[in-house]
$ cat model.csv   # CSV, C-alpha atoms
chain,number,residue,atom,x,y,z
A,20,MET,CA,0.0,0.0,0.0
A,21,ALA,CA,1.3,3.5,-0.9
A,22,PHE,CA,-0.2,7.0,-1.4
A,23,LEU,CA,0.3,9.8,-3.8
A,24,VAL,CA,-0.4,13.4,-2.7
A,25,SER,CA,1.7,15.6,-5.0
A,26,GLN,CA,2.8,16.0,-8.6
A,27,ARG,CA,6.3,16.1,-7.4
A,28,TYR,CA,6.2,12.4,-6.6
A,29,LEU,CA,4.5,11.3,-9.8
A,30,PRO,CA,7.8,9.8,-11.3
A,31,TYR,CA,8.1,7.6,-8.2
A,32,PHE,CA,4.5,6.5,-8.6
A,33,GLN,CA,5.0,5.6,-12.2
A,34,ARG,CA,7.9,3.3,-11.2
A,35,SER,CA,6.3,1.9,-8.1
A,36,ARG,CA,5.4,-1.8,-7.7
A,37,ALA,CA,3.0,-1.1,-4.8
A,38,GLY,CA,0.0,-3.4,-4.7
A,39,ALA,CA,-2.4,-0.5,-4.4
A,40,VAL,CA,-2.1,3.3,-4.1
A,41,LEU,CA,-4.3,5.8,-2.5
A,42,VAL,CA,-4.7,8.7,-4.9
A,43,SER,CA,-6.7,11.9,-5.2
A,44,PRO,CA,-9.1,12.3,-8.2
A,45,ARG,CA,-6.5,14.3,-10.2
A,46,PHE,CA,-4.2,11.2,-10.4
A,47,ARG,CA,-6.9,8.7,-11.2
A,48,ASP,CA,-5.9,8.3,-14.9
A,49,VAL,CA,-2.2,9.1,-15.1
A,50,ALA,CA,-0.2,6.9,-17.4
A,51,ALA,CA,2.0,4.1,-16.0
A,52,GLY,CA,2.2,3.2,-12.3
A,53,PRO,CA,0.2,0.7,-10.3
A,54,ALA,CA,-3.1,-0.4,-11.8
A,55,VAL,CA,-4.9,-0.6,-8.4
A,56,ARG,CA,-5.7,3.0,-7.5
A,57,ILE,CA,-8.1,3.8,-4.6
A,58,VAL,CA,-9.5,7.3,-5.2
A,59,VAL,CA,-10.1,9.3,-2.1
A,60,PRO,CA,-10.4,13.0,-1.4
A,61,ASP,CA,-7.4,13.1,1.0
A,62,PRO,CA,-4.9,10.3,0.4
A,63,LEU,CA,-2.7,11.3,3.4
A,64,ALA,CA,-5.7,11.1,5.8
A,65,ALA,CA,-6.8,7.8,4.3
A,66,MET,CA,-3.3,6.4,4.7
A,67,ALA,CA,-3.3,7.4,8.4
A,68,GLN,CA,-6.6,5.7,8.8
A,69,THR,CA,-5.3,2.6,7.0
A,70,ILE,CA,-2.2,2.4,9.2
A,71,THR,CA,-4.2,2.8,12.4
A,72,ALA,CA,-6.5,0.0,11.3
A,73,LEU,CA,-3.7,-2.4,10.2
A,74,ASP,CA,-1.3,-1.6,13.1
A,75,PRO,CA,-3.2,-0.2,16.1
A,76,GLU,CA,-1.3,0.9,19.1
A,77,PRO,CA,-1.3,-1.6,21.9
A,78,SER,CA,-3.8,-1.1,24.7
A,79,PRO,CA,-2.4,0.5,27.8
A,80,ALA,CA,-1.8,-1.6,30.9
A,81,TRP,CA,-4.5,0.1,33.0
A,82,GLY,CA,-3.7,0.4,36.6
A,83,VAL,CA,-0.7,1.2,38.8
A,84,HIS,CA,2.4,-0.9,38.3
A,85,PRO,CA,3.6,-2.4,41.7
A,86,SER,CA,7.0,-0.7,41.3
A,87,ALA,CA,5.6,2.8,40.8
A,88,ARG,CA,6.1,5.3,43.7
A,89,LEU,CA,3.2,7.6,44.6
A,90,GLY,CA,3.6,10.5,47.0
A,91,PRO,CA,1.0,11.6,49.6
A,92,GLY,CA,-2.1,13.2,48.2
A,93,VAL,CA,-1.9,11.9,44.7
A,94,ARG,CA,-5.4,11.8,43.1
A,95,TRP,CA,-6.9,10.7,39.9
A,96,SER,CA,-10.3,10.2,38.3
A,97,GLY,CA,-11.3,7.4,36.1
A,98,ARG,CA,-8.8,4.8,34.8
A,99,ILE,CA,-5.1,5.4,34.6
A,100,ALA,CA,-2.0,3.5,33.5
A,101,ILE,CA,1.1,4.2,35.5
A,102,GLY,CA,4.2,2.3,34.3
A,103,PRO,CA,7.1,0.6,36.0
A,104,TRP,CA,9.3,2.8,38.3
A,105,ALA,CA,7.3,5.9,37.6
A,106,VAL,CA,7.4,8.5,40.4
A,107,LEU,CA,4.6,10.8,41.3
A,108,GLY,CA,5.3,13.5,43.9
A,109,ALA,CA,2.9,14.9,46.5
A,110,ARG,CA,-0.5,16.2,45.5
A,111,VAL,CA,-0.2,15.2,41.8
A,112,ARG,CA,-3.6,15.3,40.1
A,113,LEU,CA,-4.4,13.2,37.0
A,114,GLY,CA,-7.5,13.3,34.8
A,115,ASP,CA,-9.3,10.3,33.2
A,116,ASP,CA,-7.5,7.9,30.8
A,117,CYS,CA,-4.0,9.2,31.5
A,118,GLN,CA,-0.9,7.1,30.7
A,119,ILE,CA,2.4,7.6,32.5
A,120,GLY,CA,5.4,5.8,31.0
A,121,ALA,CA,8.1,3.8,32.7
A,122,HIS,CA,10.6,5.8,34.8
A,123,ALA,CA,8.6,9.0,34.2
A,124,THR,CA,8.8,11.6,37.1
A,125,LEU,CA,6.0,14.0,38.0
A,126,GLU,CA,7.2,16.3,40.8
A,127,HIS,CA,4.9,17.7,43.5
A,128,ASP,CA,1.7,19.7,42.6
A,129,VAL,CA,1.7,18.8,38.9
A,130,VAL,CA,-1.7,18.9,37.4
A,131,VAL,CA,-2.5,16.7,34.3
A,132,GLY,CA,-5.7,16.9,32.3
A,133,HIS,CA,-7.7,14.1,30.7
A,134,ALA,CA,-6.4,11.6,28.2
A,135,CYS,CA,-2.8,12.7,28.4
A,136,ARG,CA,0.1,10.5,27.4
A,137,ILE,CA,3.4,11.0,29.2
A,138,GLY,CA,6.2,8.9,27.7
A,139,ALA,CA,9.1,7.0,29.3
A,140,GLN,CA,11.7,9.0,31.3
A,141,VAL,CA,9.8,12.2,30.9
A,142,VAL,CA,10.3,14.7,33.8
A,143,VAL,CA,7.5,17.1,34.6
A,144,HIS,CA,8.7,19.5,37.2
A,145,ARG,CA,6.9,21.0,40.2
A,146,GLY,CA,3.6,22.8,39.6
A,147,VAL,CA,3.4,22.3,35.9
A,148,LYS,CA,-0.1,22.3,34.4
A,149,LEU,CA,-1.0,20.1,31.4
A,150,GLY,CA,-4.3,20.5,29.6
A,151,ASP,CA,-6.4,17.7,28.1
A,152,ARG,CA,-4.9,15.3,25.5
A,153,VAL,CA,-1.3,16.6,25.9
A,154,VAL,CA,1.4,14.2,24.6
A,155,LEU,CA,4.9,14.3,26.0
A,156,HIS,CA,7.3,12.0,24.1
A,157,ALA,CA,10.1,10.1,25.7
A,158,GLY,CA,12.7,12.1,27.5
A,159,ALA,CA,10.9,15.5,27.4
A,160,ARG,CA,11.6,17.9,30.2
A,161,VAL,CA,8.8,20.4,31.1
A,162,GLY,CA,9.1,23.1,33.7
A,163,SER,CA,12.9,23.0,34.4
A,164,SER,CA,14.6,26.2,35.6
A,165,GLY,CA,15.4,28.7,32.9
A,166,PHE,CA,18.9,30.0,32.0
A,167,GLY,CA,18.9,33.1,34.2
A,168,PHE,CA,22.0,34.5,35.9
A,169,ARG,CA,23.3,37.9,37.0
A,170,THR,CA,26.9,38.9,36.9
A,171,THR,CA,28.6,39.5,40.3
A,172,PRO,CA,32.2,40.0,41.4
A,173,GLN,CA,32.1,36.4,42.5
A,174,GLY,CA,30.9,35.2,39.1
A,175,ALA,CA,27.6,34.3,37.6
A,176,GLN,CA,24.8,34.0,40.1
A,177,ARG,CA,21.7,32.0,39.3
A,178,LEU,CA,18.4,33.8,39.5
A,179,PRO,CA,15.5,31.9,41.1
A,180,HIS,CA,12.7,30.7,38.8
A,181,THR,CA,9.5,30.6,40.7
A,182,GLY,CA,7.1,31.0,37.8
A,183,GLY,CA,5.1,28.1,36.3
A,184,CYS,CA,4.8,26.3,33.0
A,185,VAL,CA,1.4,25.7,31.3
A,186,LEU,CA,0.8,23.5,28.3
A,187,ALA,CA,-2.8,23.9,27.0
A,188,ALA,CA,-5.0,21.3,25.4
A,189,ASP,CA,-3.8,19.1,22.5
A,190,VAL,CA,-0.2,20.2,22.8
A,191,GLU,CA,2.4,17.6,21.6
A,192,VAL,CA,6.0,17.8,22.7
A,193,GLY,CA,8.7,15.7,21.0
A,194,ALA,CA,11.4,13.5,22.5
A,195,ASN,CA,14.2,15.2,24.5
A,196,THR,CA,12.6,18.7,24.1
A,197,THR,CA,13.0,21.1,27.0
A,198,ILE,CA,10.5,23.8,28.0
A,199,ASP,CA,11.7,26.0,30.9
A,200,ARG,CA,9.5,27.4,33.6
A,201,GLY,CA,9.1,31.1,34.0
A,202,MET,CA,11.2,33.2,36.2
A,203,ILE,CA,8.3,35.0,37.9
A,204,ASP,CA,5.4,34.7,35.4
A,205,ASP,CA,4.5,31.5,33.5
A,206,THR,CA,5.9,29.9,30.3
A,207,VAL,CA,2.8,29.2,28.2
A,208,VAL,CA,2.2,27.0,25.1
A,209,GLY,CA,-1.2,27.5,23.5
A,210,ASP,CA,-3.9,25.0,22.3
A,211,GLY,CA,-2.9,22.6,19.6
A,212,THR,CA,0.7,23.6,19.2
A,213,LYS,CA,3.0,20.8,18.0
A,214,ILE,CA,6.7,20.7,19.0
A,215,ASP,CA,9.2,18.4,17.4
A,216,ASN,CA,12.2,16.7,19.0
A,217,LEU,CA,15.2,18.4,20.5
A,218,VAL,CA,13.6,21.9,20.8
A,219,GLN,CA,14.6,24.4,23.5
A,220,ILE,CA,11.9,26.9,24.7
A,221,GLY,CA,13.3,29.4,27.2
A,222,HIS,CA,11.7,30.9,30.3
A,223,ASN,CA,8.7,33.1,30.0
A,224,VAL,CA,8.1,32.3,26.4
A,225,ARG,CA,4.5,32.8,25.3
A,226,MET,CA,3.5,30.7,22.4
A,227,GLY,CA,0.1,30.9,20.8
A,228,THR,CA,-2.3,28.3,19.4
A,229,GLY,CA,-1.8,26.1,16.4
A,230,CYS,CA,2.0,26.7,16.0
A,231,VAL,CA,4.3,24.1,14.5
A,232,VAL,CA,7.9,24.0,15.8
A,233,MET,CA,10.3,21.7,14.0
A,234,GLY,CA,13.4,19.9,15.3
A,235,GLN,CA,16.3,21.7,17.0
A,236,VAL,CA,14.6,25.1,17.2
A,237,GLY,CA,15.8,27.3,20.0
A,238,ILE,CA,13.6,30.1,21.4
A,239,GLY,CA,15.1,32.6,23.8
A,240,GLY,CA,13.5,33.7,27.0
A,241,SER,CA,10.5,36.1,27.0
A,242,THR,CA,9.9,35.8,23.3
A,243,ILE,CA,6.2,36.0,22.2
A,244,VAL,CA,5.2,33.7,19.3
A,245,GLU,CA,1.7,34.4,18.2
A,246,ASP,CA,-0.9,32.0,16.8
A,247,ASP,CA,-0.3,29.8,13.7
A,248,VAL,CA,3.4,30.4,13.4
A,249,LEU,CA,5.6,27.9,11.7
A,250,LEU,CA,9.3,27.6,12.8
A,251,GLY,CA,11.5,25.6,10.5
A,252,GLY,CA,14.2,23.2,11.7
A,253,GLN,CA,17.2,24.7,13.5
A,254,ALA,CA,15.8,28.2,13.5
A,255,GLY,CA,17.0,30.3,16.3
A,256,LEU,CA,15.0,33.1,18.0
A,257,ALA,CA,16.7,35.6,20.3
A,258,GLY,CA,15.0,36.6,23.5
A,259,HIS,CA,12.4,39.4,24.1
A,260,LEU,CA,11.1,39.3,20.5
A,261,THR,CA,7.6,39.2,19.0
A,262,VAL,CA,6.8,36.9,16.1
A,263,GLY,CA,3.5,37.9,14.6
A,264,ARG,CA,0.5,35.7,13.8
A,265,GLY,CA,0.9,33.4,10.8
A,266,ALA,CA,4.6,34.2,10.3
A,267,ARG,CA,6.8,31.6,8.6
A,268,ILE,CA,10.5,31.2,9.8
A,269,ALA,CA,12.6,29.2,7.4
A,270,ALA,CA,15.0,26.4,8.5
A,271,GLN,CA,18.2,27.7,10.1
A,272,ALA,CA,17.0,31.3,10.1
A,273,GLY,CA,18.5,33.5,12.8
A,274,VAL,CA,15.8,35.9,14.2
A,275,ILE,CA,17.2,38.9,16.0
A,276,GLY,CA,14.3,41.3,15.6
A,277,ASP,CA,10.5,41.3,15.6
A,278,ILE,CA,8.8,39.6,12.7
A,279,GLY,CA,5.5,41.0,11.5
A,280,ALA,CA,2.2,39.0,11.1
A,281,GLY,CA,2.2,36.8,8.0
A,282,GLU,CA,5.8,37.5,7.0
A,283,THR,CA,8.1,34.8,5.6
A,284,VAL,CA,11.7,35.2,6.6
A,285,SER,CA,14.9,33.2,6.1
A,286,GLY,CA,18.7,33.6,6.4
A,287,TYR,CA,20.9,35.3,9.1
A,288,PRO,CA,19.9,37.8,10.2
A,289,ALA,CA,16.4,36.7,9.2
A,290,ARG,CA,14.8,39.0,6.6
A,291,ASN,CA,12.2,38.8,3.9
A,292,HIS,CA,12.5,35.5,2.1
A,293,ARG,CA,12.1,36.9,-1.4
A,294,SER,CA,14.9,39.4,-0.7
A,295,VAL,CA,17.1,36.6,0.5
A,296,LEU,CA,16.5,34.7,-2.7
A,297,ARG,CA,17.2,37.8,-4.9
A,298,GLN,CA,20.4,38.4,-3.0
A,299,ALA,CA,21.5,34.8,-3.5
A,300,ALA,CA,20.7,35.0,-7.2
A,301,ALA,CA,22.7,38.2,-7.5
A,302,LEU,CA,25.7,36.6,-5.8
A,303,GLY,CA,25.5,33.7,-8.3
A,304,ARG,CA,25.7,36.2,-11.1
A,305,LEU,CA,28.5,38.1,-9.5
A,306,ALA,CA,31.1,35.4,-9.8
A,307,PRO,CA,31.4,35.5,-13.7
A,308,ILE,CA,31.2,39.3,-13.6
A,309,THR,CA,34.2,39.3,-11.1
A,310,GLY,CA,36.2,37.1,-13.5
A,311,ARG,CA,35.5,39.4,-16.4
A,312,LEU,CA,36.6,42.4,-14.3
A,313,GLU,CA,39.8,40.7,-13.4
A,314,ARG,CA,40.6,39.9,-17.0
A,315,LEU,CA,39.8,43.5,-18.0
A,316,THR,CA,42.1,44.8,-15.2
A,317,ARG,CA,45.0,42.5,-16.3
A,318,ASN,CA,44.6,43.6,-19.9
A,319,HIS,CA,44.6,47.3,-18.9
A,320,ASP,CA,47.7,46.9,-16.8
A,321,GLU,CA,49.5,45.2,-19.7
$ encode --input "model.csv" --output "C-alpha cells"
Amino acid sequence: MAFLVSQRYLPYFQRSRAGAVLVSPRFRDVAAGPAVRIVVPDPLAAMAQTITALDPEPSPAWGVHPSARLGPGVRWSGRIAIGPWAVLGARVRLGDDCQIGAHATLEHDVVVGHACRIGAQVVVHRGVKLGDRVVLHAGARVGSSGFGFRTTPQGAQRLPHTGGCVLAADVEVGANTTIDRGMIDDTVVGDGTKIDNLVQIGHNVRMGTGCVVMGQVGIGGSTIVEDDVLLGGQAGLAGHLTVGRGARIAAQAGVIGDIGAGETVSGYPARNHRSVLRQAAALGRLAPITGRLERLTRNHDE
C-alpha cells in the first residue's frame, strides 16, 4: 500500500510496484504506475486511517504498576496507566485515561488533564499544568529552571525561577525537548501547538495556538510567538522578541528582531525571504562578472 499526494512524486508513482495506491481524483488516470488506485479526497488522511486499522497501538496496561512510587495526596479520576518505576510527587492530580510511562517523574503539585500521554523517562517539574490530551514523548523535560543569571564580582549567580509552565489542550512535545518554567510569570504553550524533538523553549516564552515547531529550534526567553506560526528546523530566535501571527520562519534562520504578522523570513539575520532569494541569485551572477573584471584589469595593466 502506498499513497500519492503531490505531482512532485509522480515519477516515483510511475515506477512503483505497490499493490495498491491511495490517490486523489487528479491522479486517477495518469499513465503508468500501479493499476490498483483507490481514489479518495485526501490520500494522506486515508493512509493514516489505514495504518491505524492495520497496526493499532497496543492497549495500555491500565492500573498502577507495583514498582511505581506515589507520593502523599496523589489523586486521579477514572482509569489510569502508571508504568514501572514511575514516580509521582505529593499532590499530583491526574485526569481520566492518563498514561504515565516507565521511569517518568512528575514532581509535586503537577496537574495533568484528561487523556494525556506521558512517555518513558519524561520529567514534569513541580507545579506544571498540562491541559487535556497533551502528549509528551520520551525524555521530554517540562518546567525545568530557565537559564537566568546575574553577573557578580564572584561570578555568575543563578536567579530563582518561581514561575510556572502551562501547556494547553492538545499540545504535543517531541522526544528530548525542554520547556523551561518562567522566572516570575509562566511559560505558556497554546492549544494545539505541535513541537518536534530536541527543541529548547526558554523561560517566560508565550507561544500561541496552532503553532508548528520543527526539530532543533531554539527560542530565547520572554519571546512571544503568536498564533499559527511555523518555525523551520534549527531556526534560532533571540530573546524578548515578538513573532506575529501566521509568520513563517525558514529552516536555520536567525531571528534577532521582531517579525510581522504573515511574514516569511529566512537567512541570518532573518529577513524577507524573497529578498534573500534575490540576493542569493545576485551573488550567483557576481562570480562570472568578477572574472571578467579581473581579465579587463589585467589587460589594462598590460
$ closest_residue --input "model.csv" --among "A:Gly102, A:Gly227, A:Pro62, A:Gly286" --to "Thr261 in chain A" --atoms "all atoms listed in the file"
A:Gly227
$ closest_residue --input "model.csv" --among "A:Leu29, A:Ala175, A:Val232, A:Ala64" --to "Val49 in chain A" --atoms "only C-alpha atoms"
A:Leu29
$ residues_around --input "model.csv" --residues "range 146-155 of chain A" --least-positions-apart "2" --cutoff "6 Å" --atoms "only C-alpha atoms" --output "number ranges by chain"
A: 128-138, 184-192
$ closest_residue --input "model.csv" --among "A:Ala300, A:Val40, A:Val161, A:Cys230" --to "Arg200 in chain A" --atoms "all atoms listed in the file"
A:Val161
$ residues_near_point --input "model.csv" --point "(-1.0, -3.5, 37.0)" --cutoff "9 Å" --atoms "all atoms listed in the file" --output "list of chain:residue names"
A:Ala80, A:Trp81, A:Gly82, A:Val83, A:His84, A:Pro85, A:Ala100, A:Ile101, A:Gly102
$ write_last_selection --input "model.csv" --atoms "C-alpha atoms" --output "mmCIF file, in the coordinates of the input"
data_model
loop_
_atom_site.group_PDB
_atom_site.id
_atom_site.type_symbol
_atom_site.label_atom_id
_atom_site.label_comp_id
_atom_site.auth_asym_id
_atom_site.auth_seq_id
_atom_site.Cartn_x
_atom_site.Cartn_y
_atom_site.Cartn_z
ATOM 1 C CA ALA A 80 -1.800 -1.600 30.900
ATOM 2 C CA TRP A 81 -4.500 0.100 33.000
ATOM 3 C CA GLY A 82 -3.700 0.400 36.600
ATOM 4 C CA VAL A 83 -0.700 1.200 38.800
ATOM 5 C CA HIS A 84 2.400 -0.900 38.300
ATOM 6 C CA PRO A 85 3.600 -2.400 41.700
ATOM 7 C CA ALA A 100 -2.000 3.500 33.500
ATOM 8 C CA ILE A 101 1.100 4.200 35.500
ATOM 9 C CA GLY A 102 4.200 2.300 34.300
#
$ residues_near_point --input "model.csv" --point "(1.1, 3.8, -5.4)" --cutoff "10 Å" --atoms "only C-alpha atoms" --output "PDB file with C-alpha atoms, in the frame of the given file"
ATOM      1  CA  MET A  20       0.000   0.000   0.000  1.00  0.00           C
ATOM      2  CA  ALA A  21       1.300   3.500  -0.900  1.00  0.00           C
ATOM      3  CA  PHE A  22      -0.200   7.000  -1.400  1.00  0.00           C
ATOM      4  CA  LEU A  23       0.300   9.800  -3.800  1.00  0.00           C
ATOM      5  CA  LEU A  29       4.500  11.300  -9.800  1.00  0.00           C
ATOM      6  CA  TYR A  31       8.100   7.600  -8.200  1.00  0.00           C
ATOM      7  CA  PHE A  32       4.500   6.500  -8.600  1.00  0.00           C
ATOM      8  CA  GLN A  33       5.000   5.600 -12.200  1.00  0.00           C
ATOM      9  CA  ARG A  34       7.900   3.300 -11.200  1.00  0.00           C
ATOM     10  CA  SER A  35       6.300   1.900  -8.100  1.00  0.00           C
ATOM     11  CA  ARG A  36       5.400  -1.800  -7.700  1.00  0.00           C
ATOM     12  CA  ALA A  37       3.000  -1.100  -4.800  1.00  0.00           C
ATOM     13  CA  GLY A  38       0.000  -3.400  -4.700  1.00  0.00           C
ATOM     14  CA  ALA A  39      -2.400  -0.500  -4.400  1.00  0.00           C
ATOM     15  CA  VAL A  40      -2.100   3.300  -4.100  1.00  0.00           C
ATOM     16  CA  LEU A  41      -4.300   5.800  -2.500  1.00  0.00           C
ATOM     17  CA  VAL A  42      -4.700   8.700  -4.900  1.00  0.00           C
ATOM     18  CA  GLY A  52       2.200   3.200 -12.300  1.00  0.00           C
ATOM     19  CA  PRO A  53       0.200   0.700 -10.300  1.00  0.00           C
ATOM     20  CA  ALA A  54      -3.100  -0.400 -11.800  1.00  0.00           C
ATOM     21  CA  VAL A  55      -4.900  -0.600  -8.400  1.00  0.00           C
ATOM     22  CA  ARG A  56      -5.700   3.000  -7.500  1.00  0.00           C
ATOM     23  CA  ILE A  57      -8.100   3.800  -4.600  1.00  0.00           C
TER      24      ILE A  57
END
$ atom_distance --input "model.csv" --atom1 "CA of Val284 in chain A" --atom2 "CA of Ile243 in chain A"
16.6 Å
$ closest_residue --input "model.csv" --among "A:Gln235, A:Ser164, A:Asn291, A:Gln26" --to "Asn195 in chain A" --atoms "only C-alpha atoms"
A:Gln235
$ atom_distance --input "model.csv" --atom1 "CA of Glu126 in chain A" --atom2 "CA of Leu107 in chain A"
6.1 Å
$ closest_residue --input "model.csv" --among "A:Pro79, A:Gly255, A:Gly193, A:Gly273" --to "Gln118 in chain A" --atoms "all atoms listed in the file"
A:Pro79
$ atom_distance --input "model.csv" --atom1 "CA of Leu113 in chain A" --atom2 "CA of Gln68 in chain A"
29.3 Å
$ closest_residue --input "model.csv" --among "A:Gly258, A:Gly183, A:Gly120, A:Pro30" --to "Ala50 in chain A" --atoms "all atoms listed in the file"
A:Pro30
